[in-house]
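Undergrad: See run_29.txt below, with compact mmCIF, C-alpha atoms.
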```
# COMPACT_ATOMS: atom_id res chain seq x y z
CA MET A 25 -31.86 -21.73 -2.45
CA LYS A 26 -33.13 -24.87 -0.85
CA ARG A 27 -34.33 -26.31 -4.11
CA ARG A 28 -31.12 -25.65 -5.93
CA THR A 29 -29.10 -27.68 -3.45
CA THR A 30 -31.60 -30.50 -3.82
CA ARG A 31 -31.29 -30.61 -7.56
CA LEU A 32 -27.54 -30.64 -7.44
CA ASN A 33 -27.47 -33.48 -4.98
CA VAL A 34 -29.73 -35.80 -6.87
CA PRO A 35 -27.58 -36.91 -9.85
CA ALA A 36 -24.71 -37.92 -7.59
CA LYS A 37 -27.06 -39.91 -5.42
CA GLN A 38 -28.66 -41.59 -8.42
CA ALA A 39 -25.27 -42.50 -9.79
CA ARG A 40 -24.36 -44.11 -6.53
CA LEU A 41 -27.58 -46.03 -6.37
CA SER A 42 -27.38 -47.20 -9.97
CA GLN A 43 -24.71 -49.68 -8.98
CA SER A 44 -26.96 -51.51 -6.58
CA ARG A 45 -29.82 -51.15 -9.04
CA SER A 46 -27.90 -52.94 -11.76
CA VAL A 47 -27.47 -55.88 -9.43
CA LYS A 48 -31.17 -56.29 -9.08
CA SER A 49 -32.48 -55.52 -12.54
CA PRO A 50 -31.69 -58.70 -14.55
CA SER A 51 -34.87 -60.46 -13.46
CA ASN A 52 -36.90 -57.68 -15.06
CA GLU A 53 -34.73 -57.35 -18.13
CA VAL A 54 -35.80 -60.84 -19.18
CA HIS A 55 -39.26 -59.58 -19.99
CA GLY A 56 -37.87 -56.55 -21.78
CA LEU A 57 -39.46 -54.30 -19.22
CA SER A 58 -37.92 -51.19 -17.89
CA ARG A 59 -38.15 -50.40 -14.23
CA LEU A 60 -40.40 -47.69 -12.99
CA LYS A 61 -38.29 -44.56 -13.26
CA VAL A 62 -39.23 -42.38 -10.35
CA GLN A 63 -36.67 -39.97 -8.98
CA HIS A 64 -38.80 -37.28 -7.42
CA ILE A 65 -42.11 -37.79 -5.68
CA LEU A 66 -44.00 -34.58 -5.05
CA VAL A 67 -46.32 -34.67 -2.06
CA PRO A 68 -48.53 -31.57 -1.85
CA THR A 69 -49.91 -31.17 1.63
CA ASP A 70 -52.39 -28.85 3.31
CA PHE A 71 -51.67 -30.43 6.73
CA SER A 72 -55.05 -32.19 6.70
CA THR A 73 -55.75 -35.82 7.59
CA ALA A 74 -56.00 -36.74 3.92
CA ALA A 75 -52.61 -35.18 3.21
CA ARG A 76 -51.14 -37.09 6.13
CA ARG A 77 -52.51 -40.32 4.67
CA ALA A 78 -50.90 -39.46 1.34
CA LEU A 79 -47.57 -38.90 3.03
CA GLN A 80 -47.87 -42.19 4.89
CA TYR A 81 -48.46 -43.83 1.53
CA ALA A 82 -45.67 -41.97 -0.23
CA ARG A 83 -42.95 -42.76 2.30
CA PRO A 84 -42.65 -46.53 1.75
CA LEU A 85 -43.13 -45.93 -1.97
CA ALA A 86 -40.21 -43.50 -2.05
CA LYS A 87 -38.12 -45.90 -0.04
CA ARG A 88 -38.84 -48.79 -2.38
CA LEU A 89 -38.24 -46.77 -5.55
CA ARG A 90 -35.30 -44.94 -4.00
CA ALA A 91 -36.91 -41.68 -4.92
CA GLU A 92 -36.66 -38.36 -3.19
CA LEU A 93 -39.70 -36.98 -1.44
CA VAL A 94 -40.50 -33.33 -1.96
CA LEU A 95 -43.09 -31.87 0.39
CA LEU A 96 -45.00 -28.91 -0.96
CA HIS A 97 -47.33 -26.52 0.72
CA VAL A 98 -49.13 -23.74 -1.12
CA VAL A 99 -49.93 -20.57 0.80
CA PRO A 100 -52.69 -18.33 -0.54
CA PRO A 101 -51.27 -14.89 -1.33
CA LEU A 102 -52.29 -11.63 0.29
CA VAL A 103 -54.46 -9.66 -2.08
CA CYS A 104 -54.41 -5.92 -1.74
CA PRO A 105 -55.92 -3.31 -4.04
CA ALA A 106 -53.43 -0.91 -5.51
CA ASP A 107 -53.38 1.92 -7.99
CA TYR A 108 -50.30 2.72 -10.05
CA GLY A 109 -51.93 5.41 -12.11
CA TYR A 110 -53.47 3.17 -14.79
CA GLY A 111 -56.56 2.14 -12.90
CA PRO A 112 -57.13 -0.03 -9.87
CA VAL A 113 -55.37 -3.41 -9.86
CA LEU A 114 -55.10 -6.27 -7.40
CA ARG A 115 -51.63 -6.99 -6.13
CA ARG A 116 -50.90 -10.48 -4.94
CA VAL A 117 -48.11 -10.59 -2.43
CA PRO A 118 -46.74 -13.73 -0.81
CA ASP A 119 -47.66 -13.80 2.85
CA GLU A 120 -44.20 -13.88 4.41
CA ASN A 121 -45.34 -14.91 7.87
CA GLU A 122 -47.47 -17.73 6.53
CA VAL A 123 -44.68 -18.91 4.26
CA ARG A 124 -42.25 -19.00 7.15
CA ALA A 125 -44.69 -20.85 9.40
CA ALA A 126 -45.48 -23.37 6.66
CA MET A 127 -41.79 -23.96 6.01
CA LYS A 128 -41.25 -24.67 9.70
CA HIS A 129 -44.21 -27.04 9.78
CA LEU A 130 -43.03 -28.87 6.64
CA ARG A 131 -39.53 -29.27 8.01
CA SER A 132 -40.87 -30.74 11.22
CA ILE A 133 -42.93 -33.22 9.21
CA ALA A 134 -39.93 -34.11 7.07
CA ARG A 135 -37.84 -34.67 10.18
CA ARG A 136 -40.46 -36.96 11.64
CA SER A 137 -39.70 -39.55 8.96
CA ARG A 138 -38.58 -42.68 10.76
CA GLU A 139 -36.17 -43.96 8.15
CA PRO A 140 -33.17 -41.74 7.64
CA SER A 141 -32.62 -43.27 4.20
CA CYS A 142 -35.73 -41.63 2.78
CA CYS A 143 -34.96 -37.96 2.71
CA ALA A 144 -37.53 -35.24 2.20
CA THR A 145 -37.13 -31.67 1.11
CA SER A 146 -39.69 -28.97 1.71
CA VAL A 147 -40.92 -26.35 -0.72
CA VAL A 148 -43.42 -23.59 0.00
CA ARG A 149 -45.10 -21.69 -2.78
CA SER A 150 -47.54 -18.85 -2.86
CA GLY A 151 -50.55 -18.83 -5.15
CA ALA A 152 -53.55 -20.95 -6.11
CA ALA A 153 -53.10 -24.57 -5.04
CA PRO A 154 -53.66 -26.59 -8.25
CA GLU A 155 -51.64 -24.27 -10.48
CA GLU A 156 -48.75 -24.10 -8.08
CA ILE A 157 -48.71 -27.87 -7.63
CA ILE A 158 -48.48 -28.35 -11.39
CA ARG A 159 -45.86 -25.62 -11.72
CA ALA A 160 -43.80 -27.21 -8.97
CA ALA A 161 -44.11 -30.62 -10.63
CA ARG A 162 -42.82 -29.17 -13.92
CA CYS A 163 -40.09 -27.27 -12.14
CA LEU A 164 -38.81 -30.28 -10.23
CA LYS A 165 -39.40 -32.68 -13.12
CA ALA A 166 -41.40 -34.77 -10.67
CA ASP A 167 -42.18 -38.29 -11.85
CA LEU A 168 -45.10 -38.80 -9.54
CA ILE A 169 -47.45 -36.71 -7.45
CA VAL A 170 -48.96 -38.38 -4.40
CA MET A 171 -51.78 -36.37 -2.93
CA GLY A 172 -54.65 -36.87 -0.55
CA GLU A 173 -58.24 -36.04 -1.17
CA SER A 174 -60.73 -35.47 1.60
CA ALA A 175 -64.35 -36.54 1.43
CA VAL A 176 -66.47 -35.15 -1.36
CA LYS A 177 -68.13 -31.93 -0.41
CA GLY A 178 -70.69 -30.50 -2.77
CA SER A 179 -70.33 -30.46 -6.50
CA GLY A 180 -67.25 -28.23 -6.65
CA LYS A 181 -64.03 -29.69 -7.94
CA SER A 182 -61.36 -30.54 -5.42
CA THR A 183 -57.70 -29.66 -5.79
CA ALA A 184 -56.90 -33.26 -6.62
CA GLU A 185 -59.43 -33.33 -9.43
CA ILE A 186 -58.07 -30.17 -11.04
CA THR A 187 -54.53 -31.42 -10.64
CA ILE A 188 -55.12 -34.76 -12.35
CA ARG A 189 -56.45 -32.98 -15.41
CA GLU A 190 -53.42 -30.79 -15.93
CA ALA A 191 -50.56 -32.69 -14.34
CA PRO A 192 -47.53 -33.50 -16.51
CA CYS A 193 -46.90 -36.75 -14.63
CA PRO A 194 -48.97 -39.57 -13.10
CA VAL A 195 -50.89 -38.63 -9.98
CA LEU A 196 -51.65 -41.04 -7.18
CA VAL A 197 -54.71 -39.96 -5.23
CA VAL A 198 -55.11 -41.39 -1.76
CA ARG A 199 -58.43 -41.05 0.00
CA GLU A 200 -58.79 -39.92 3.56
CA SER A 201 -61.37 -42.61 4.22
CA GLY A 202 -63.38 -44.97 2.10
CA ALA A 203 -65.98 -42.94 0.27
CA LYS A 204 -69.45 -44.37 0.14
CA LEU A 205 -70.43 -45.92 -3.13
CA VAL A 206 -72.93 -43.42 -4.40
CA LYS A 207 -74.57 -43.82 -7.71
CA PRO A 208 -72.38 -41.65 -9.87
CA GLY A 209 -74.63 -41.42 -12.85
CA LYS A 210 -77.88 -42.50 -14.39
CA ALA A 211 -79.47 -45.80 -13.51
CA ARG A 212 -78.65 -48.90 -15.50
CA LEU A 213 -80.97 -51.14 -17.45
CA MET B 22 -17.48 -37.28 5.04
CA THR B 23 -18.65 -38.05 1.52
CA ILE B 24 -17.10 -41.50 1.58
CA SER B 25 -18.92 -42.45 4.73
CA ALA B 26 -22.18 -41.20 3.25
CA ALA B 27 -21.59 -43.23 0.08
CA SER B 28 -20.84 -46.43 1.92
CA LYS B 29 -23.89 -45.90 4.08
CA SER B 30 -26.22 -45.58 1.12
CA GLU B 31 -24.65 -48.57 -0.60
CA GLY B 32 -25.23 -50.56 2.52
CA ALA B 33 -28.87 -49.57 2.48
CA GLY B 34 -29.13 -50.55 -1.19
CA LEU B 35 -27.62 -53.95 -0.49
CA ALA B 36 -30.00 -54.54 2.36
CA ILE B 37 -32.93 -54.02 0.02
CA VAL B 38 -31.44 -56.38 -2.57
CA ASN B 39 -30.90 -59.09 0.04
CA HIS B 40 -34.38 -58.93 1.40
CA GLY B 41 -35.95 -59.16 -2.03
CA LYS B 42 -39.67 -58.78 -1.58
CA SER B 43 -39.97 -56.86 1.63
CA MET B 44 -43.13 -56.55 3.65
CA SER B 45 -43.91 -52.98 2.73
CA LYS B 46 -43.63 -53.85 -0.93
CA LYS B 47 -46.07 -56.72 -0.60
CA SER B 48 -48.71 -54.91 1.34
CA LEU B 49 -48.55 -51.68 -0.62
CA LEU B 50 -49.45 -52.75 -4.14
CA ASP B 51 -50.29 -56.41 -4.46
CA HIS B 52 -53.17 -56.21 -6.90
CA LEU B 53 -53.77 -53.56 -9.56
CA LEU B 54 -56.96 -52.92 -11.47
CA VAL B 55 -56.57 -51.37 -14.91
CA PRO B 56 -59.79 -50.23 -16.57
CA VAL B 57 -59.35 -49.89 -20.34
CA ASP B 58 -61.51 -48.61 -23.19
CA PHE B 59 -59.28 -49.87 -26.05
CA SER B 60 -57.90 -46.36 -26.67
CA ASP B 61 -54.22 -45.45 -26.97
CA CYS B 62 -54.42 -43.63 -23.65
CA SER B 63 -55.54 -46.75 -21.85
CA LYS B 64 -52.78 -48.65 -23.59
CA GLY B 65 -50.37 -46.26 -21.89
CA ALA B 66 -52.04 -46.89 -18.55
CA LEU B 67 -51.76 -50.64 -19.04
CA ARG B 68 -48.07 -50.40 -19.82
CA TYR B 69 -47.51 -48.16 -16.83
CA ALA B 70 -49.35 -50.63 -14.62
CA GLN B 71 -47.23 -53.45 -15.91
CA THR B 72 -44.08 -51.53 -15.09
CA ILE B 73 -45.36 -51.03 -11.56
CA ALA B 74 -46.32 -54.70 -11.40
CA ALA B 75 -42.85 -55.78 -12.49
CA ASP B 76 -41.37 -53.58 -9.80
CA PHE B 77 -43.67 -54.52 -6.97
CA GLY B 78 -44.55 -58.06 -7.99
CA SER B 79 -48.25 -57.26 -8.16
CA LYS B 80 -51.07 -59.01 -9.95
CA VAL B 81 -52.79 -57.12 -12.77
CA THR B 82 -56.47 -57.34 -13.62
CA VAL B 83 -57.58 -55.63 -16.82
CA LEU B 84 -61.20 -54.55 -16.89
CA ASN B 85 -63.37 -53.38 -19.73
CA VAL B 86 -66.79 -51.96 -19.01
CA THR B 87 -69.22 -51.95 -21.90
CA PRO B 88 -72.20 -49.64 -21.55
CA LEU B 89 -75.50 -51.38 -22.19
CA ASN B 90 -77.65 -50.22 -25.02
CA ASP B 91 -81.10 -49.11 -23.90
CA GLY B 92 -82.40 -49.49 -27.43
CA LEU B 93 -82.54 -53.26 -27.06
CA LEU B 94 -85.15 -53.08 -24.33
CA HIS B 95 -88.00 -53.97 -26.65
CA LEU B 96 -86.64 -57.50 -26.98
CA GLY B 97 -87.85 -60.26 -24.70
CA ALA B 98 -86.08 -61.06 -21.46
CA ASP B 99 -84.58 -64.39 -22.55
CA GLN B 100 -83.30 -62.90 -25.79
CA LEU B 101 -81.70 -60.12 -23.77
CA LYS B 102 -79.79 -62.66 -21.76
CA THR B 103 -78.29 -64.35 -24.81
CA LEU B 104 -77.46 -60.95 -26.28
CA ASP B 105 -75.67 -60.00 -23.07
CA GLU B 106 -73.71 -63.21 -23.16
CA GLU B 107 -72.78 -62.68 -26.78
CA LEU B 108 -71.67 -59.12 -26.12
CA ARG B 109 -69.66 -60.19 -23.12
CA GLU B 110 -67.94 -62.92 -25.12
CA ASN B 111 -67.13 -60.52 -27.98
CA GLN B 112 -65.74 -57.89 -25.66
CA ARG B 113 -63.73 -60.50 -23.85
CA ARG B 114 -62.11 -61.65 -27.06
CA LYS B 115 -61.38 -58.05 -28.00
CA LEU B 116 -59.91 -57.36 -24.57
CA VAL B 117 -57.60 -60.37 -24.66
CA GLY B 118 -56.37 -59.25 -28.09
CA PHE B 119 -55.87 -55.71 -26.84
CA VAL B 120 -53.90 -56.83 -23.81
CA LYS B 121 -51.77 -59.11 -25.96
CA ARG B 122 -50.95 -56.26 -28.33
CA ALA B 123 -50.43 -53.59 -25.70
CA SER B 124 -48.43 -55.41 -23.09
CA ARG B 125 -44.71 -55.85 -23.23
CA SER B 126 -44.51 -58.35 -20.43
CA LEU B 127 -45.03 -62.07 -20.48
CA GLU B 128 -46.83 -61.95 -17.18
CA PRO B 129 -50.39 -63.00 -17.77
CA ALA B 130 -52.99 -60.42 -16.92
CA GLN B 131 -56.47 -61.41 -15.89
CA CYS B 132 -59.13 -60.03 -18.22
CA VAL B 133 -62.59 -59.15 -16.96
CA VAL B 134 -65.55 -57.74 -18.88
CA ARG B 135 -68.49 -56.09 -17.15
CA LEU B 136 -71.61 -54.61 -18.60
CA GLY B 137 -73.11 -51.43 -17.22
CA HIS B 138 -72.15 -47.96 -16.10
CA PRO B 139 -68.35 -47.53 -16.33
CA VAL B 140 -67.64 -45.69 -13.06
CA GLU B 141 -69.98 -47.85 -11.03
CA GLU B 142 -68.62 -51.10 -12.41
CA ILE B 143 -64.98 -50.07 -12.03
CA ILE B 144 -65.52 -49.29 -8.36
CA ARG B 145 -67.51 -52.46 -7.80
CA GLU B 146 -64.83 -54.59 -9.45
CA ALA B 147 -62.11 -52.92 -7.38
CA GLU B 148 -64.00 -53.81 -4.23
CA ASP B 149 -64.69 -57.35 -5.39
CA ILE B 150 -61.07 -58.21 -6.13
CA GLY B 151 -59.76 -56.13 -3.24
CA ALA B 152 -57.53 -54.06 -5.50
CA ALA B 153 -54.68 -52.21 -3.82
CA ALA B 154 -54.87 -49.47 -6.44
CA ILE B 155 -56.64 -48.55 -9.66
CA VAL B 156 -54.44 -47.45 -12.55
CA ILE B 157 -56.47 -45.37 -14.97
CA SER B 158 -55.67 -42.96 -17.80
CA THR B 159 -57.26 -39.66 -18.63
CA ARG B 160 -58.29 -38.97 -22.19
CA GLY B 161 -56.83 -35.53 -22.19
CA LEU B 162 -59.91 -33.80 -23.49
CA SER B 163 -60.05 -30.13 -22.68
CA GLY B 164 -62.40 -27.18 -22.70
CA ILE B 165 -65.99 -27.66 -23.69
CA ARG B 166 -65.56 -31.30 -24.69
CA HIS B 167 -64.35 -32.09 -21.22
CA ALA B 168 -67.23 -30.20 -19.67
CA VAL B 169 -69.77 -32.09 -21.76
CA ILE B 170 -68.34 -35.59 -21.77
CA GLY B 171 -66.69 -35.39 -18.37
CA SER B 172 -63.92 -37.62 -17.23
CA THR B 173 -64.42 -41.16 -16.04
CA ALA B 174 -61.08 -40.98 -14.26
CA GLU B 175 -62.18 -37.98 -12.24
CA ARG B 176 -65.34 -39.69 -11.10
CA VAL B 177 -63.42 -42.86 -10.25
CA VAL B 178 -61.06 -40.77 -8.12
CA ARG B 179 -64.02 -39.24 -6.39
CA HIS B 180 -65.81 -42.48 -5.55
CA ALA B 181 -63.13 -45.16 -5.24
CA LYS B 182 -62.12 -46.48 -1.86
CA CYS B 183 -58.62 -47.50 -2.83
CA PRO B 184 -55.86 -45.18 -4.06
CA VAL B 185 -56.15 -44.23 -7.73
CA TRP B 186 -53.12 -43.84 -9.95
CA VAL B 187 -54.04 -41.41 -12.72
CA VAL B 188 -51.81 -41.58 -15.80
CA PRO B 189 -51.97 -38.61 -18.19
CA GLY B 190 -53.15 -39.71 -21.61
CA ARG B 191 -51.15 -37.29 -23.69
CA LYS B 192 -47.76 -38.42 -22.51
CA ARG B 193 -46.30 -41.50 -24.13
CA LEU B 194 -44.99 -43.84 -21.49
```
As C-alpha cells - that is how I would like this structure written.
TA:
Amino acid sequence: MKRRTTRLNVPAKQARLSQSRSVKSPSNEVHGLSRLKVQHILVPTDFSTAARRALQYARPLAKRLRAELVLLHVVPPLVCPADYGYGPVLRRVPDENEVRAAMKHLRSIARRSREPSCCATSVVRSGAAPEEIIRAARCLKADLIVMGESAVKGSGKSTAEITIREAPCPVLVVRESGAKLVKPGKARL
Amino acid sequence: MTISAASKSEGAGLAIVNHGKSMSKKSLLDHLLVPVDFSDCSKGALRYAQTIAADFGSKVTVLNVTPLNDGLLHLGADQLKTLDEELRENQRRKLVGFVKRASRSLEPAQCVVRLGHPVEEIIREAEDIGAAAIVISTRGLSGIRHAVIGSTAERVVRHAKCPVWVVPGRKRL
C-alpha cells in the first residue's frame, strides 16, 4: 500500500523538478555528459551505527541529486516446522510484531530528517537480508543502494559483500569506522 | 493544496541553482579514485565516475595497479629497478590511452600507476590522495570462478577507509 503511493507520486515530482534541472544542465551538456540519473536511493538499515552512518551519507546525496530516499529494514521470518501430509517442511512466516515495530522505528528515523525537502519512505520486508535487499532494489527500480558495513568480523561474508555481488545497481558502501589496513593477501616482492 | 506544494518544490530547486556549488556538495565527494584494469567493466566504472564528477565537481584520479612478476627475481637489483621503471612507463602510456578512449568528458583525469598487490595499493593510494570515495567495478564472475579468483572489489570494500562505490560490471552505463 505504502509503496504503491510512493511510486505513483514520483513521476509527477520528477516532472516538476525537470524544469529547474533544465536550467542548470547546459554547463554539463557542453562536454556531452549526461547527469547522474538517480531517482530512488535505497538505504537498507539494521539500526546499527554503520547503518546510521550510511543514512547520514545518503541524506545530502539524495538532496543534491533530488532523489527519493527509501529506507528498508529486513526482518528475519519465524520458522516453524509443519506437516501437510507430504513430509515435514519448514514454514517461514513473517513476524508480524517485529514487522510492525520495525515500521514504527523506520518512520521515526524518516521523520527525524532535518530537511523537509528530502522525503523518505519506509519499507519492511521479511526474509534473508541480502536477497530481500536485492529484490527490493529490483522492485523499486532503485538507482543506487547506500549501505553501511560494520567492522570485519571473522572470515564470513557480510551482507554488504553479498549485496555488491548480486545488486542490479551501483552500491555505495560506507564504513562504520576506518578499518585498519591489514595485509589482504600475500606479501609483495 | 497541490499548487502550493508545486511552488514550494520549485522554490527549493531554484535555491539550489542559485547557490551553485553548495557546501555539502563540496565536502561529500571532492576527489574520486577509480582503479582500472583495462577491462570493459572498469571502463564502465570510469564513465560512471566521470558522471559523478561532472555532477559534484570532483577531481578524478585513475589508478592502475600492475602485479609484479616474481619470476624476475633472479636478476640483479639494479636491473630490477630499470625494469620496474620501464614497466611503469609502459603501463602509464597504456593507461593514458585507455582513459582517452573510455572517457567522454574533456576534464583531464590524473593517471597513476603503481606496482604491487592490487588491493593493498588501491587502499594506500586512496589514503595518500585523501580520496572521498573509491569507484570500482566488479567483474561479474560467478560460481566457482568467483570462489577461486575472488573479487578485488569485495576486498577493497572490506579494507578501505573511505566509502566505496561499487558499479556492477554486467550493466552497461
Undergrad: Could you check the closest approach to chain B for each of A:Glu155, A:Arg88, A:Arg116, A:Thr183 and tell me which residue wins, using all atoms listed in the file?
TA: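 Distance minimum relative to chain B lands on A:Arg88.
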Undergrad: Measuring between only C-alpha atoms, which one of A:Ile186, A:Lys128, A:Leu95, A:Val197 shows the shortest distance to A:Ile158?
TA: A:Ile186
Undergrad: Counting all atoms listed in the file, figure out which residue out of A:Leu89, A:Asp107, A:Pro100, A:His129 gets nearest to chain B.
TA: A:Leu89
Undergrad: At what distance in Å, to one decimal, does atom CA of B:Val55 lie from atom CA of B:Arg113?
TA: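 Answer for the atom CA of B:Arg113 to atom CA of B:Val55 separation: 14.6 Å.
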Undergrad: Closest to chain B among A:Ala74, A:Met171, A:Val198, A:Ala86, using all atoms listed in the file?
TA: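 Closest to chain B, using all atoms listed in the file: A:Val198.
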Undergrad: With distances taken over only C-alpha atoms, which residue among A:Val195, A:Lys87, A:Leu60, A:Val148 lies nearest B:Gln71?
TA: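 With only C-alpha atoms as the atom set, the closest residue is A:Leu60.
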Undergrad: Which residues are near B:Pro189? Cut-off 12 Å, only C-alpha atoms, ignore same chain within fewer than 2 positions. Put them as a PyMOL selection string.
TA: (chain A and resi 167-169+187-196) or (chain B and resi 61-66+69+156-162+174-175+186-187+191-194)
Undergrad: Which residues are near A:Val98? Cut-off 10 Å, only C-alpha atoms, ignore same chain within fewer than 3 positions. Put them as a list in words.
TA: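 The contact residues come out as Pro68, Thr69, Asp70, Pro101, Glu122, Val123, Ala126, Val147, Val148, Arg149, Ser150, Gly151, Ala152, Ala153, Pro154, Glu155, Glu156 and Ile157 of chain A.
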Undergrad: Only C-alpha atoms, please: the residues just picked out, written as a PDB file, keeping the file's coordinate frame.
TA:
```
ATOM      1  CA  PRO A  68     -48.530 -31.570  -1.850  1.00  0.00           C
ATOM      2  CA  THR A  69     -49.910 -31.170   1.630  1.00  0.00           C
ATOM      3  CA  ASP A  70     -52.390 -28.850   3.310  1.00  0.00           C
ATOM      4  CA  PRO A 101     -51.270 -14.890  -1.330  1.00  0.00           C
ATOM      5  CA  GLU A 122     -47.470 -17.730   6.530  1.00  0.00           C
ATOM      6  CA  VAL A 123     -44.680 -18.910   4.260  1.00  0.00           C
ATOM      7  CA  ALA A 126     -45.480 -23.370   6.660  1.00  0.00           C
ATOM      8  CA  VAL A 147     -40.920 -26.350  -0.720  1.00  0.00           C
ATOM      9  CA  VAL A 148     -43.420 -23.590   0.000  1.00  0.00           C
ATOM     10  CA  ARG A 149     -45.100 -21.690  -2.780  1.00  0.00           C
ATOM     11  CA  SER A 150     -47.540 -18.850  -2.860  1.00  0.00           C
ATOM     12  CA  GLY A 151     -50.550 -18.830  -5.150  1.00  0.00           C
ATOM     13  CA  ALA A 152     -53.550 -20.950  -6.110  1.00  0.00           C
ATOM     14  CA  ALA A 153     -53.100 -24.570  -5.040  1.00  0.00           C
ATOM     15  CA  PRO A 154     -53.660 -26.590  -8.250  1.00  0.00           C
ATOM     16  CA  GLU A 155     -51.640 -24.270 -10.480  1.00  0.00           C
ATOM     17  CA  GLU A 156     -48.750 -24.100  -8.080  1.00  0.00           C
ATOM     18  CA  ILE A 157     -48.710 -27.870  -7.630  1.00  0.00           C
TER      19      ILE A 157
END
```
Undergrad: B:Ala154, B:Leu104, B:Val185, B:Val57: which is nearest chain A, counting only C-alpha atoms?
TA: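 Distance minimum relative to chain A lands on B:Val185.
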Undergrad: How far is it from atom CA of A:Lys165 to atom CA of A:Arg83, in Å with one decimal?
TA: 18.8 Å
Undergrad: Env of B:Pro129: 10 Å cut, atoms = all atoms listed in the file, seq-sep filter 6 positions within chain, self excluded. Answer as a ChimeraX atom specification.
TA: /B:80-82,120-121
Undergrad: Which residues are close to B:Asp149, i.e. within 12 Å by only C-alpha atoms, leaving aside same-chain residues fewer than 4 positions away? Reply as a ChimeraX atom specification.
TA: /B:52,54,82,133,142-145,153,182-183
